[in-house]
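Down below is the structure, laid out as structure tokens.
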Amino acid sequence: MATNGAANLPNPVGLLAELTHRCPLGCPYCSNPLALEGRADELDLDTWARVFREAATLGVLQVHLSGGEPGARRDLVEITKAANQAGLYTNLITSAVGINAERLAALAAAGLDHIQISVQDSEQSSADHIAGYQGAFRRKRELAAEVVRLGLLLTINMVVHRANIERIDRMVELALEFGASRIEIAHVQYYGWALKNRAALMPSREQVDGAIAALESLRRRYQERIVIDAVFPDYFARYPKPCVGGWGRRSLNVTPSGRVLPCHAAETIPGLEFWSVRDRSLAEIWEASPAFRAFRGTDWMREPCATCPRRERDFGGCRCQAFALTGDARATDPVCHLSPDHSMVERLAAIQEDRAYVYRR
Amino acid sequence: MEPLGLEARPRLKRGVRLVHNEAQGGWVLLAPERLFQTDPIGAEILKRCTGEATLGAIVDDLATAYNAPRGEILDDVSALLRTLAEKQLVDL
């Protein structure tokens, strides 16, 4: 990987810009923190424009305009334009609620490269139930049609859990029907809201095996028509995921109020000091922020990670998950079968309870 | 593998962009949530994939520019474009 001179520091390639935590949907696996930042604390347009310019200089190639629902920002078109002018590949991650045809056309004119629409399920009533918003599914279908009409590239994102995991094939067909060229099958990752709802979201081992088999046959069947990207359900894995491609190595995340995080869940780890773009440049934060330095590279590792031949491949897995499950952010991600705490993951993966969702509000 | 037909007019798909970024060490092909680093030769091929030039014209152009055998270039270009078409990055 390319470095930017001193100290063998990697260059980030992706920036997740959480423009707001406001969102009309209430998905029970929302990736936003349990304590949401309010509108009054949100960065203004000029600050975002500066952040984008600094990001591009730092080596960032792609910006993901996300939230909450980014459509809740009245200045979304101007923000998009600023990202485009900074030379970044600009991706909008939206629930579709809050983006109408007129606004989409303005976004396309502002230089939007790609749009990702979340769809909660292939069945309307189930999708609206999961989103906690009546009519959400219909809005997604309508926006997708507009995206295709404008000739923009469309990805459908489906978060998978016990209630919809048996309809992956139907979801891929729906994505094709919507005109998407790519679909993300993202099994729920258990942080924040999803951790709160874990037992209600957790699929069975049989469902997971079925989903993995379905995926392989779907990829063969639709090879030339749609790209199918999948995130494996890591409670059922043998090795952990290389979370965010390694801490402070590939990407960074700016919260609505300007705090810069190595990943969207990093604030769940106590004792980390996060710096803000209100006070410092992105380059300074990337290089020297205590939060970024905490788990960058492999020096922080203990056994079994420290001497593991996979340590440069999965980077010890996910720090947030290690903390959430063991209370120690320096521990091996217990998803790994080499972790002394691995039996805990097996036990948790077996707990499925049909209880009402705690919606994100 | 069979070379591609010379009358094809390859082009980067909408939403796919070739950029040069110093900090990342060169040419990168950007697509939704994905990026592919490409060497300078790959970049020279992709710059010509505008949807206007035919594959035949692109190969002629590269053969002249690099003083290389046409057949070899056609094989290289075909292999690259096939791979990228499979990844939904290029229309053939």
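Identifiers for the structure tokens are assigned positionally: chains receive A, B, ... in sequence, residues are indexed from 1 per chain, and ligands are indexed from 1 in the order shown.
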Interface rows for chain B against chain A: nearest pair, Å to one decimal, 12 Å, only C-alpha atoms, as CSV:
```
residue,atom,partner,partner_atom,distance
B:Lys13,CA,A:Leu153,CA,8.7
B:Arg14,CA,A:Leu153,CA,6.4
B:Gly15,CA,A:Asp113,CA,5.1
B:Val16,CA,A:Asp113,CA,7.9
B:Arg17,CA,A:Tyr89,CA,7.9
B:Leu18,CA,A:Tyr89,CA,10.1
B:Val19,CA,A:Leu61,CA,8.6
B:His20,CA,A:Leu61,CA,9.6
B:Asn21,CA,A:Gly59,CA,6.7
B:Glu22,CA,A:Gly59,CA,7.4
B:Ala23,CA,A:Gly59,CA,4.8
B:Gln24,CA,A:Ala2,CA,5.5
B:Gly25,CA,A:Ala2,CA,5.9
B:Gly26,CA,A:Ala2,CA,9.4
B:Trp27,CA,A:Leu61,CA,11.1
B:Val28,CA,A:Leu61,CA,8.8
B:Leu29,CA,A:Leu61,CA,9.9
B:Leu30,CA,A:Tyr89,CA,7.2
B:Ala31,CA,A:Tyr89,CA,8.2
B:Pro32,CA,A:His114,CA,6.3
B:Glu33,CA,A:Gln62,CA,7.6
B:Arg34,CA,A:Gln62,CA,8.8
B:Leu35,CA,A:Leu61,CA,8.7
B:Phe36,CA,A:Leu61,CA,11.3
B:Gln37,CA,A:Met1,CA,10.5
B:Arg82,CA,A:Glu224,CA,11.2
B:Thr83,CA,A:Glu224,CA,11.3
B:Leu84,CA,A:Glu224,CA,11.2
B:Ala85,CA,A:Glu224,CA,8.3
B:Glu86,CA,A:Glu224,CA,6.3
B:Lys87,CA,A:Val227,CA,7.0
B:Gln88,CA,A:Val227,CA,7.1
B:Leu89,CA,A:Ser181,CA,10.0
B:Val90,CA,A:Glu224,CA,11.6
B:Asp91,CA,A:Glu224,CA,11.1
```
How would the residues just picked look written out with N, CA and C atoms as an mmCIF file, in the first residue's frame?
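Printed below is selection_33.cif as written:
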```
data_model
loop_
_atom_site.group_PDB
_atom_site.id
_atom_site.type_symbol
_atom_site.label_atom_id
_atom_site.label_comp_id
_atom_site.auth_asym_id
_atom_site.auth_seq_id
_atom_site.Cartn_x
_atom_site.Cartn_y
_atom_site.Cartn_z
ATOM 1 N N LYS B 13 -18.512 2.057 -17.807
ATOM 2 C CA LYS B 13 -19.926 2.196 -17.457
ATOM 3 C C LYS B 13 -20.171 3.520 -16.756
ATOM 4 N N ARG B 14 -21.392 3.978 -16.827
ATOM 5 C CA ARG B 14 -21.769 5.151 -16.040
ATOM 6 C C ARG B 14 -21.484 4.836 -14.576
ATOM 7 N N GLY B 15 -20.888 5.804 -13.873
ATOM 8 C CA GLY B 15 -20.586 5.567 -12.466
ATOM 9 C C GLY B 15 -19.206 4.970 -12.252
ATOM 10 N N VAL B 16 -18.468 4.766 -13.348
ATOM 11 C CA VAL B 16 -17.097 4.262 -13.225
ATOM 12 C C VAL B 16 -16.149 5.349 -13.737
ATOM 13 N N ARG B 17 -15.132 5.637 -12.956
ATOM 14 C CA ARG B 17 -14.234 6.733 -13.311
ATOM 15 C C ARG B 17 -12.777 6.345 -13.112
ATOM 16 N N LEU B 18 -11.925 6.758 -14.042
ATOM 17 C CA LEU B 18 -10.487 6.537 -13.925
ATOM 18 C C LEU B 18 -9.858 7.824 -13.384
ATOM 19 N N VAL B 19 -9.172 7.714 -12.243
ATOM 20 C CA VAL B 19 -8.537 8.911 -11.686
ATOM 21 C C VAL B 19 -7.072 8.635 -11.364
ATOM 22 N N HIS B 20 -6.299 9.711 -11.331
ATOM 23 C CA HIS B 20 -4.899 9.625 -10.931
ATOM 24 C C HIS B 20 -4.769 10.306 -9.585
ATOM 25 N N ASN B 21 -4.241 9.595 -8.594
ATOM 26 C CA ASN B 21 -4.090 10.184 -7.266
ATOM 27 C C ASN B 21 -2.676 9.905 -6.768
ATOM 28 N N GLU B 22 -1.914 10.974 -6.601
ATOM 29 C CA GLU B 22 -0.512 10.864 -6.184
ATOM 30 C C GLU B 22 -0.382 10.077 -4.882
ATOM 31 N N ALA B 23 -1.213 10.458 -3.903
ATOM 32 C CA ALA B 23 -1.094 9.833 -2.581
ATOM 33 C C ALA B 23 -1.362 8.332 -2.648
ATOM 34 N N GLN B 24 -2.109 7.895 -3.659
ATOM 35 C CA GLN B 24 -2.393 6.460 -3.790
ATOM 36 C C GLN B 24 -1.449 5.787 -4.779
ATOM 37 N N GLY B 25 -0.495 6.541 -5.274
ATOM 38 C CA GLY B 25 0.560 5.929 -6.078
ATOM 39 C C GLY B 25 0.196 5.652 -7.523
ATOM 40 N N GLY B 26 -0.788 6.367 -8.063
ATOM 41 C CA GLY B 26 -1.021 6.217 -9.496
ATOM 42 C C GLY B 26 -2.472 6.159 -9.924
ATOM 43 N N TRP B 27 -2.706 5.307 -10.933
ATOM 44 C CA TRP B 27 -4.032 5.247 -11.545
ATOM 45 C C TRP B 27 -4.965 4.307 -10.805
ATOM 46 N N VAL B 28 -6.193 4.763 -10.618
ATOM 47 C CA VAL B 28 -7.193 3.951 -9.934
ATOM 48 C C VAL B 28 -8.508 4.043 -10.692
ATOM 49 N N LEU B 29 -9.123 2.890 -10.892
ATOM 50 C CA LEU B 29 -10.448 2.849 -11.498
ATOM 51 C C LEU B 29 -11.462 2.790 -10.361
ATOM 52 N N LEU B 30 -12.350 3.778 -10.317
ATOM 53 C CA LEU B 30 -13.295 3.881 -9.205
ATOM 54 C C LEU B 30 -14.683 3.451 -9.630
ATOM 55 N N ALA B 31 -15.294 2.635 -8.798
ATOM 56 C CA ALA B 31 -16.663 2.179 -9.028
ATOM 57 C C ALA B 31 -17.353 2.166 -7.673
ATOM 58 N N PRO B 32 -18.652 1.920 -7.659
ATOM 59 C CA PRO B 32 -19.383 1.954 -6.394
ATOM 60 C C PRO B 32 -18.731 1.102 -5.307
ATOM 61 N N GLU B 33 -18.238 1.749 -4.279
ATOM 62 C CA GLU B 33 -17.651 1.075 -3.123
ATOM 63 C C GLU B 33 -16.501 0.144 -3.481
ATOM 64 N N ARG B 34 -15.938 0.338 -4.649
ATOM 65 C CA ARG B 34 -14.829 -0.516 -5.065
ATOM 66 C C ARG B 34 -13.784 0.332 -5.751
ATOM 67 N N LEU B 35 -12.554 -0.134 -5.691
ATOM 68 C CA LEU B 35 -11.532 0.518 -6.497
ATOM 69 C C LEU B 35 -10.527 -0.506 -6.973
ATOM 70 N N PHE B 36 -10.000 -0.260 -8.148
ATOM 71 C CA PHE B 36 -9.035 -1.162 -8.759
ATOM 72 C C PHE B 36 -7.824 -0.366 -9.185
ATOM 73 N N GLN B 37 -6.683 -0.700 -8.572
ATOM 74 C CA GLN B 37 -5.472 -0.034 -9.003
ATOM 75 C C GLN B 37 -5.071 -0.632 -10.337
ATOM 76 N N ARG B 82 -12.332 -7.910 -20.768
ATOM 77 C CA ARG B 82 -13.214 -9.018 -20.346
ATOM 78 C C ARG B 82 -13.344 -9.067 -18.833
ATOM 79 N N THR B 83 -12.202 -8.959 -18.161
ATOM 80 C CA THR B 83 -12.204 -8.981 -16.699
ATOM 81 C C THR B 83 -13.049 -7.838 -16.146
ATOM 82 N N LEU B 84 -12.848 -6.659 -16.729
ATOM 83 C CA LEU B 84 -13.571 -5.490 -16.212
ATOM 84 C C LEU B 84 -15.055 -5.545 -16.569
ATOM 85 N N ALA B 85 -15.380 -6.149 -17.702
ATOM 86 C CA ALA B 85 -16.794 -6.291 -18.080
ATOM 87 C C ALA B 85 -17.486 -7.249 -17.115
ATOM 88 N N GLU B 86 -16.772 -8.302 -16.714
ATOM 89 C CA GLU B 86 -17.331 -9.244 -15.754
ATOM 90 C C GLU B 86 -17.592 -8.576 -14.419
ATOM 91 N N LYS B 87 -16.751 -7.613 -14.084
ATOM 92 C CA LYS B 87 -16.919 -6.878 -12.833
ATOM 93 C C LYS B 87 -17.890 -5.709 -12.993
ATOM 94 N N GLN B 88 -18.559 -5.644 -14.143
ATOM 95 C CA GLN B 88 -19.558 -4.602 -14.398
ATOM 96 C C GLN B 88 -18.958 -3.198 -14.443
ATOM 97 N N LEU B 89 -17.730 -3.096 -14.899
ATOM 98 C CA LEU B 89 -17.079 -1.786 -14.949
ATOM 99 C C LEU B 89 -17.026 -1.232 -16.366
ATOM 100 N N VAL B 90 -17.089 -2.137 -17.347
ATOM 101 C CA VAL B 90 -16.943 -1.743 -18.745
ATOM 102 C C VAL B 90 -18.089 -2.354 -19.547
ATOM 103 N N ASP B 91 -18.607 -1.580 -20.498
ATOM 104 C CA ASP B 91 -19.550 -2.131 -21.479
ATOM 105 C C ASP B 91 -18.781 -2.441 -22.748
#
```
- [ ] List every residue of chain B that DSSP, applied to the backbone of this structure, places in strand (DSSP E), and write the result as a PyMOL selection string.
- [x] chain B and resi 11-12+17-21+26-31+34-38+90-91
I'd like the contact shell of range 19-32 of chain A - 8 Å cut-off, only C-alpha atoms, skipping same-chain residues fewer than 5 positions apart - returned as a PDB file with N, CA and C atoms, in the first residue's frame.
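In the end it all went to around.pdb:
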```
ATOM      1  N   GLU A  37     -26.492  12.277  17.790  1.00  0.00           N
ATOM      2  CA  GLU A  37     -26.139  13.703  17.820  1.00  0.00           C
ATOM      3  C   GLU A  37     -27.303  14.499  17.230  1.00  0.00           C
ATOM      4  N   GLY A  38     -27.566  15.665  17.807  1.00  0.00           N
ATOM      5  CA  GLY A  38     -28.712  16.483  17.392  1.00  0.00           C
ATOM      6  C   GLY A  38     -28.393  17.413  16.240  1.00  0.00           C
ATOM      7  N   ARG A  39     -29.465  17.951  15.659  1.00  0.00           N
ATOM      8  CA  ARG A  39     -29.330  18.821  14.501  1.00  0.00           C
ATOM      9  C   ARG A  39     -28.469  20.056  14.784  1.00  0.00           C
ATOM     10  N   GLU A  42     -24.740  19.768  14.089  1.00  0.00           N
ATOM     11  CA  GLU A  42     -24.246  19.308  12.786  1.00  0.00           C
ATOM     12  C   GLU A  42     -23.281  20.304  12.140  1.00  0.00           C
ATOM     13  N   LEU A  43     -22.264  19.781  11.475  1.00  0.00           N
ATOM     14  CA  LEU A  43     -21.317  20.616  10.732  1.00  0.00           C
ATOM     15  C   LEU A  43     -22.051  21.369   9.624  1.00  0.00           C
ATOM     16  N   LEU A  65     -21.722   9.651   1.313  1.00  0.00           N
ATOM     17  CA  LEU A  65     -22.578  10.607   2.021  1.00  0.00           C
ATOM     18  C   LEU A  65     -23.695   9.809   2.676  1.00  0.00           C
ATOM     19  N   SER A  66     -23.650   9.774   3.994  1.00  0.00           N
ATOM     20  CA  SER A  66     -24.524   8.872   4.714  1.00  0.00           C
ATOM     21  C   SER A  66     -25.179   9.599   5.873  1.00  0.00           C
ATOM     22  N   GLY A  67     -25.767   8.819   6.788  1.00  0.00           N
ATOM     23  CA  GLY A  67     -26.429   9.431   7.918  1.00  0.00           C
ATOM     24  C   GLY A  67     -26.496   8.465   9.071  1.00  0.00           C
ATOM     25  N   GLY A  68     -27.675   8.385   9.727  1.00  0.00           N
ATOM     26  CA  GLY A  68     -28.978   8.938   9.433  1.00  0.00           C
ATOM     27  C   GLY A  68     -29.347   8.935   7.944  1.00  0.00           C
ATOM     28  N   GLU A  69     -30.356   9.711   7.674  1.00  0.00           N
ATOM     29  CA  GLU A  69     -30.792   9.880   6.298  1.00  0.00           C
ATOM     30  C   GLU A  69     -30.218  11.208   5.790  1.00  0.00           C
ATOM     31  N   PRO A  70     -29.263  11.123   4.837  1.00  0.00           N
ATOM     32  CA  PRO A  70     -28.635  12.355   4.360  1.00  0.00           C
ATOM     33  C   PRO A  70     -29.644  13.322   3.729  1.00  0.00           C
ATOM     34  N   ALA A  72     -32.182  14.309   4.951  1.00  0.00           N
ATOM     35  CA  ALA A  72     -32.692  15.218   5.979  1.00  0.00           C
ATOM     36  C   ALA A  72     -31.934  16.552   5.985  1.00  0.00           C
ATOM     37  N   ARG A  73     -30.770  16.576   5.337  1.00  0.00           N
ATOM     38  CA  ARG A  73     -30.011  17.838   5.235  1.00  0.00           C
ATOM     39  C   ARG A  73     -30.583  18.662   4.088  1.00  0.00           C
ATOM     40  N   SER A  95     -32.059   6.032   2.463  1.00  0.00           N
ATOM     41  CA  SER A  95     -33.235   5.189   2.667  1.00  0.00           C
ATOM     42  C   SER A  95     -34.282   5.469   1.591  1.00  0.00           C
ATOM     43  N   VAL A  97     -36.265   7.857   1.580  1.00  0.00           N
ATOM     44  CA  VAL A  97     -37.291   8.741   2.152  1.00  0.00           C
ATOM     45  C   VAL A  97     -36.645  10.120   2.338  1.00  0.00           C
ATOM     46  N   ILE A 130     -39.987  -3.729   9.342  1.00  0.00           N
ATOM     47  CA  ILE A 130     -38.593  -3.690   9.804  1.00  0.00           C
ATOM     48  C   ILE A 130     -38.104  -2.238   9.890  1.00  0.00           C
ATOM     49  N   ALA A 131     -38.484  -1.434   8.895  1.00  0.00           N
ATOM     50  CA  ALA A 131     -38.048  -0.033   8.884  1.00  0.00           C
ATOM     51  C   ALA A 131     -38.793   0.801   9.927  1.00  0.00           C
ATOM     52  N   GLY A 132     -39.912   0.279  10.403  1.00  0.00           N
ATOM     53  CA  GLY A 132     -40.728   1.058  11.345  1.00  0.00           C
ATOM     54  C   GLY A 132     -41.322   2.288  10.689  1.00  0.00           C
ATOM     55  N   TYR A 133     -41.663   2.156   9.385  1.00  0.00           N
ATOM     56  CA  TYR A 133     -42.152   3.320   8.631  1.00  0.00           C
ATOM     57  C   TYR A 133     -43.082   2.838   7.525  1.00  0.00           C
ATOM     58  N   VAL A 188     -26.470  -8.680   9.433  1.00  0.00           N
ATOM     59  CA  VAL A 188     -26.394  -7.733  10.554  1.00  0.00           C
ATOM     60  C   VAL A 188     -25.083  -7.911  11.308  1.00  0.00           C
ATOM     61  N   GLN A 189     -24.472  -6.793  11.650  1.00  0.00           N
ATOM     62  CA  GLN A 189     -23.313  -6.781  12.534  1.00  0.00           C
ATOM     63  C   GLN A 189     -23.809  -6.246  13.878  1.00  0.00           C
ATOM     64  N   TYR A 190     -23.412  -6.920  14.940  1.00  0.00           N
ATOM     65  CA  TYR A 190     -24.040  -6.603  16.223  1.00  0.00           C
ATOM     66  C   TYR A 190     -23.289  -5.558  17.041  1.00  0.00           C
ATOM     67  N   TYR A 191     -23.613  -4.305  16.764  1.00  0.00           N
ATOM     68  CA  TYR A 191     -23.140  -3.162  17.542  1.00  0.00           C
ATOM     69  C   TYR A 191     -24.351  -2.298  17.839  1.00  0.00           C
ATOM     70  N   GLY A 192     -24.249  -1.442  18.825  1.00  0.00           N
ATOM     71  CA  GLY A 192     -25.271  -0.427  19.061  1.00  0.00           C
ATOM     72  C   GLY A 192     -26.686  -0.975  19.076  1.00  0.00           C
ATOM     73  N   TRP A 193     -27.506  -0.484  18.145  1.00  0.00           N
ATOM     74  CA  TRP A 193     -28.917  -0.877  18.110  1.00  0.00           C
ATOM     75  C   TRP A 193     -29.070  -2.371  17.826  1.00  0.00           C
ATOM     76  N   ALA A 194     -28.244  -2.891  16.947  1.00  0.00           N
ATOM     77  CA  ALA A 194     -28.347  -4.317  16.619  1.00  0.00           C
ATOM     78  C   ALA A 194     -27.979  -5.188  17.816  1.00  0.00           C
ATOM     79  N   LEU A 195     -27.053  -4.704  18.624  1.00  0.00           N
ATOM     80  CA  LEU A 195     -26.669  -5.455  19.830  1.00  0.00           C
ATOM     81  C   LEU A 195     -27.867  -5.511  20.782  1.00  0.00           C
ATOM     82  N   ASN A 197     -30.884  -5.527  19.909  1.00  0.00           N
ATOM     83  CA  ASN A 197     -31.911  -6.388  19.300  1.00  0.00           C
ATOM     84  C   ASN A 197     -31.365  -7.754  18.878  1.00  0.00           C
ATOM     85  N   THR A 255     -18.413  12.130  12.062  1.00  0.00           N
ATOM     86  CA  THR A 255     -19.784  12.143  12.583  1.00  0.00           C
ATOM     87  C   THR A 255     -20.453  13.479  12.246  1.00  0.00           C
ATOM     88  N   PRO A 256     -21.773  13.572  12.415  1.00  0.00           N
ATOM     89  CA  PRO A 256     -22.467  14.812  12.084  1.00  0.00           C
ATOM     90  C   PRO A 256     -21.862  16.045  12.765  1.00  0.00           C
ATOM     91  N   HIS A 264     -17.464   3.482  12.404  1.00  0.00           N
ATOM     92  CA  HIS A 264     -18.660   4.160  12.908  1.00  0.00           C
ATOM     93  C   HIS A 264     -19.013   3.782  14.345  1.00  0.00           C
ATOM     94  N   ALA A 265     -18.503   2.636  14.807  1.00  0.00           N
ATOM     95  CA  ALA A 265     -18.862   2.193  16.161  1.00  0.00           C
ATOM     96  C   ALA A 265     -17.781   2.502  17.188  1.00  0.00           C
ATOM     97  N   TYR A 357     -39.055  -5.660  18.137  1.00  0.00           N
ATOM     98  CA  TYR A 357     -37.838  -4.876  17.953  1.00  0.00           C
ATOM     99  C   TYR A 357     -37.837  -3.654  18.867  1.00  0.00           C
ATOM    100  N   VAL A 358     -36.652  -3.301  19.349  1.00  0.00           N
ATOM    101  CA  VAL A 358     -36.460  -1.962  19.913  1.00  0.00           C
ATOM    102  C   VAL A 358     -36.041  -1.087  18.734  1.00  0.00           C
ATOM    103  N   TYR A 359     -36.955  -0.247  18.257  1.00  0.00           N
ATOM    104  CA  TYR A 359     -36.643   0.587  17.106  1.00  0.00           C
ATOM    105  C   TYR A 359     -35.708   1.715  17.496  1.00  0.00           C
ATOM    106  N   ARG A 360     -34.845   2.082  16.564  1.00  0.00           N
ATOM    107  CA  ARG A 360     -33.978   3.228  16.763  1.00  0.00           C
ATOM    108  C   ARG A 360     -34.854   4.483  16.700  1.00  0.00           C
ATOM    109  N   ARG A 361     -34.793   5.272  17.729  1.00  0.00           N
ATOM    110  CA  ARG A 361     -35.549   6.531  17.707  1.00  0.00           C
ATOM    111  C   ARG A 361     -34.694   7.641  18.250  1.00  0.00           C
TER     112      ARG A 361
END
```
TODO: Go through A:Asp169, A:Glu216, A:Asp341, A:Glu273 and flag the residue nearest Arg293 in chain A, using only C-alpha atoms for the distances.
DONE: A:Glu273
Task: Which of chain B DSSP labels helix (DSSP H, G or I), written as a ChimeraX atom specification - done: /B:22-24,40-47,55-66,70-86
Open item on the list: At a cut-off of 9 Å, using only C-alpha atoms, what residues contact Leu80 in chain B? Leave out same-chain residues fewer than 5 positions from it and give the result as a ChimeraX atom specification.
Closed with: /B:42,45,75,85
